[in-house]
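Engineer: This is the structure I want to talk about, given as structure tokens.
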Amino acid sequence: MPRVKRGVTAHKRHKKVLALTKGHRATKHKLYRRAHESMLKSLSYAYAHRRERKGDMRRLWILRVNAASRSQGLTYGQFIDSLKKSGVEINRKMLADMAVREPESFANLVTIVKGKI
């Protein structure tokens with residue numbers, strides 16, 4: 001069986017890891033072993049935070065809808081409850097966008113919903 005030299009593949013793998021850790025501090029972007037640990041951590045954080053971002057966005061939408069509905073005299077909970085009771089099916093993302101970009105139409109929606117309370 002012929003001898004296999006691994007210099008080229010190992011070098012390529014090391015270069016890939018060091019490229020992924022570009023921007024990390026100290027030895028975490030210079031030394032392969034430390035860089036590999038740093039890369040594993042950073043990739044796991046990235047994976048988790050991509051999922052976390054969805055909850056962050058939902059919290060932001062709820063905050064915006066709450067602020068806009070309170071300015072019209074309703075709490076967020078009352079507003080969402082009366083929306084469901086009146087049969088208006090609009091998601092929080094669209095409500096938040098409407099509250100920021102089109103406050104007049106949001107106010108009209110609140111007045112429609114107030115009649116159902």
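Labels used: A, B, ... for chains in the order of the structure tokens, numbers from 1 for residues in each chain, and numbers from 1 for ligands as shown.
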Near segment 90-94 of chain A, within 8 Å and counting only C-alpha atoms, which residues show up once chain neighbours fewer than 6 positions away are dropped, as a PyMOL selection string?

Structural biologist: chain A and resi 58+61-62+65

Engineer: Provide the atom CA of Lys12 of chain A to atom CA of Tyr32 of chain A distance in Å, to one decimal place.

Structural biologist: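 Taking atom CA of Lys12 of chain A and atom CA of Tyr32 of chain A, their separation equals 11.8 Å.
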
Engineer: Need the shell around segment 101-115 of chain A: protein/DNA/RNA residues with any atom at most 10 Å away, counting only C-alpha atoms. Skip same-chain ones fewer than 6 positions apart. Format as a list in words?

Structural biologist: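 With the cut-off at 10 Å, the set is Val65, Ala68, Ser69, Ser71, Gln72, Gly73, Leu74, Gln78, Phe79, Ile80, Asp81, Ser82, Leu83, Lys84, Lys85, Ser86, Gly87, Val88 and Leu95 of chain A.
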
Engineer: Output N, CA and C atoms of each residue in that selection to a file, as a PDB file, in the first residue's frame.

Structural biologist:
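File produced: selection25.pdb:
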ATOM      1  N   VAL A  65     -46.784  47.483  18.156  1.00  0.00           N
ATOM      2  CA  VAL A  65     -48.248  47.444  18.117  1.00  0.00           C
ATOM      3  C   VAL A  65     -48.806  47.923  19.449  1.00  0.00           C
ATOM      4  N   ALA A  68     -48.550  51.745  19.605  1.00  0.00           N
ATOM      5  CA  ALA A  68     -49.517  52.400  18.718  1.00  0.00           C
ATOM      6  C   ALA A  68     -50.944  52.233  19.227  1.00  0.00           C
ATOM      7  N   SER A  69     -51.275  51.053  19.751  1.00  0.00           N
ATOM      8  CA  SER A  69     -52.646  50.833  20.232  1.00  0.00           C
ATOM      9  C   SER A  69     -52.905  51.598  21.528  1.00  0.00           C
ATOM     10  N   SER A  71     -51.653  54.492  22.231  1.00  0.00           N
ATOM     11  CA  SER A  71     -51.883  55.889  21.854  1.00  0.00           C
ATOM     12  C   SER A  71     -53.323  56.102  21.378  1.00  0.00           C
ATOM     13  N   GLN A  72     -53.970  54.997  20.981  1.00  0.00           N
ATOM     14  CA  GLN A  72     -55.376  55.060  20.561  1.00  0.00           C
ATOM     15  C   GLN A  72     -56.338  54.692  21.689  1.00  0.00           C
ATOM     16  N   GLY A  73     -55.785  54.342  22.859  1.00  0.00           N
ATOM     17  CA  GLY A  73     -56.634  54.082  24.015  1.00  0.00           C
ATOM     18  C   GLY A  73     -56.923  52.627  24.303  1.00  0.00           C
ATOM     19  N   LEU A  74     -56.191  51.716  23.697  1.00  0.00           N
ATOM     20  CA  LEU A  74     -56.359  50.284  23.948  1.00  0.00           C
ATOM     21  C   LEU A  74     -55.026  49.673  24.344  1.00  0.00           C
ATOM     22  N   GLN A  78     -56.032  43.868  24.771  1.00  0.00           N
ATOM     23  CA  GLN A  78     -57.410  44.197  24.367  1.00  0.00           C
ATOM     24  C   GLN A  78     -57.502  44.304  22.846  1.00  0.00           C
ATOM     25  N   PHE A  79     -56.497  44.930  22.265  1.00  0.00           N
ATOM     26  CA  PHE A  79     -56.490  45.132  20.815  1.00  0.00           C
ATOM     27  C   PHE A  79     -56.451  43.808  20.064  1.00  0.00           C
ATOM     28  N   ILE A  80     -55.540  42.925  20.453  1.00  0.00           N
ATOM     29  CA  ILE A  80     -55.406  41.626  19.773  1.00  0.00           C
ATOM     30  C   ILE A  80     -56.656  40.780  19.994  1.00  0.00           C
ATOM     31  N   ASP A  81     -57.186  40.803  21.222  1.00  0.00           N
ATOM     32  CA  ASP A  81     -58.388  40.034  21.531  1.00  0.00           C
ATOM     33  C   ASP A  81     -59.561  40.501  20.675  1.00  0.00           C
ATOM     34  N   SER A  82     -59.746  41.801  20.589  1.00  0.00           N
ATOM     35  CA  SER A  82     -60.868  42.317  19.801  1.00  0.00           C
ATOM     36  C   SER A  82     -60.641  42.116  18.308  1.00  0.00           C
ATOM     37  N   LEU A  83     -59.380  42.100  17.865  1.00  0.00           N
ATOM     38  CA  LEU A  83     -59.099  41.778  16.456  1.00  0.00           C
ATOM     39  C   LEU A  83     -59.560  40.368  16.133  1.00  0.00           C
ATOM     40  N   LYS A  84     -59.244  39.429  17.041  1.00  0.00           N
ATOM     41  CA  LYS A  84     -59.635  38.034  16.819  1.00  0.00           C
ATOM     42  C   LYS A  84     -61.149  37.884  16.843  1.00  0.00           C
ATOM     43  N   LYS A  85     -61.800  38.579  17.779  1.00  0.00           N
ATOM     44  CA  LYS A  85     -63.253  38.491  17.890  1.00  0.00           C
ATOM     45  C   LYS A  85     -63.953  39.095  16.684  1.00  0.00           C
ATOM     46  N   SER A  86     -63.356  40.143  16.111  1.00  0.00           N
ATOM     47  CA  SER A  86     -63.971  40.781  14.943  1.00  0.00           C
ATOM     48  C   SER A  86     -63.631  40.052  13.642  1.00  0.00           C
ATOM     49  N   GLY A  87     -62.774  39.033  13.741  1.00  0.00           N
ATOM     50  CA  GLY A  87     -62.473  38.210  12.565  1.00  0.00           C
ATOM     51  C   GLY A  87     -61.426  38.803  11.639  1.00  0.00           C
ATOM     52  N   VAL A  88     -60.685  39.782  12.106  1.00  0.00           N
ATOM     53  CA  VAL A  88     -59.621  40.375  11.287  1.00  0.00           C
ATOM     54  C   VAL A  88     -58.380  39.502  11.444  1.00  0.00           C
ATOM     55  N   LEU A  95     -49.182  44.351  11.310  1.00  0.00           N
ATOM     56  CA  LEU A  95     -49.709  45.357  12.227  1.00  0.00           C
ATOM     57  C   LEU A  95     -48.630  46.352  12.636  1.00  0.00           C
TER      58      LEU A  95
END

Engineer: In Å, with one decimal, what is the gap from atom CA of Val4 of chain A to atom CA of Leu20 of chain A?

Structural biologist: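 One can read the atom CA of Val4 of chain A to atom CA of Leu20 of chain A distance as 27.1 Å.
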
Engineer: How far is it from atom CA of Arg50 of chain A to atom CA of Arg33 of chain A, in Å with one decimal?

Structural biologist: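 Separation of atom CA of Arg50 of chain A and atom CA of Arg33 of chain A: 26.1 Å.
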
Engineer: Please list as a compact mmCIF listing (two decimals) with C-alpha atoms, in the first residue's frame every residue within 8 Å of Arg64 of chain A, counting only C-alpha atoms and excluding residues in the same chain fewer than 4 positions away.

Structural biologist:
# COMPACT_ATOMS: atom_id res chain seq x y z
CA LEU A 60 -40.26 44.11 18.47
CA ALA A 68 -49.52 52.40 18.72
CA ALA A 96 -46.34 46.72 13.35
CA ALA A 99 -48.43 51.24 12.95
CA VAL A 100 -45.07 52.72 11.87

Engineer: Neighbouring residues of Ala35 of chain A were defined as those with any atom within 12 Å, considering only C-alpha atoms; residues of the same chain fewer than 6 positions away were excluded. Please report them as an mmCIF file with C-alpha atoms, in the first residue's frame.

Structural biologist:
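Done, and the output landed in around36.cif:
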data_model
loop_
_atom_site.group_PDB
_atom_site.id
_atom_site.type_symbol
_atom_site.label_atom_id
_atom_site.label_comp_id
_atom_site.auth_asym_id
_atom_site.auth_seq_id
_atom_site.Cartn_x
_atom_site.Cartn_y
_atom_site.Cartn_z
ATOM 1 C CA ARG A 13 -8.133 22.536 6.231
ATOM 2 C CA HIS A 14 -6.090 24.770 8.520
ATOM 3 C CA LYS A 15 -6.310 27.659 6.063
ATOM 4 C CA LYS A 16 -10.092 27.224 5.890
ATOM 5 C CA VAL A 17 -10.435 27.342 9.685
ATOM 6 C CA LEU A 18 -8.152 30.367 9.952
ATOM 7 C CA ALA A 19 -10.173 32.126 7.254
ATOM 8 C CA LEU A 20 -13.407 31.446 9.165
ATOM 9 C CA THR A 21 -11.932 32.934 12.339
ATOM 10 C CA LYS A 22 -10.737 36.122 10.662
ATOM 11 C CA GLY A 23 -11.662 38.975 12.956
ATOM 12 C CA HIS A 24 -11.456 36.984 16.183
ATOM 13 C CA ARG A 25 -9.174 38.342 18.890
ATOM 14 C CA ALA A 26 -5.692 37.291 19.922
ATOM 15 C CA THR A 27 -4.625 33.702 19.227
ATOM 16 C CA LYS A 28 -8.153 32.717 18.251
ATOM 17 C CA HIS A 29 -7.427 33.732 14.683
ATOM 18 C CA LYS A 41 -18.204 28.176 19.239
ATOM 19 C CA SER A 42 -18.912 30.932 16.744
ATOM 20 C CA LEU A 43 -20.748 28.598 14.371
#
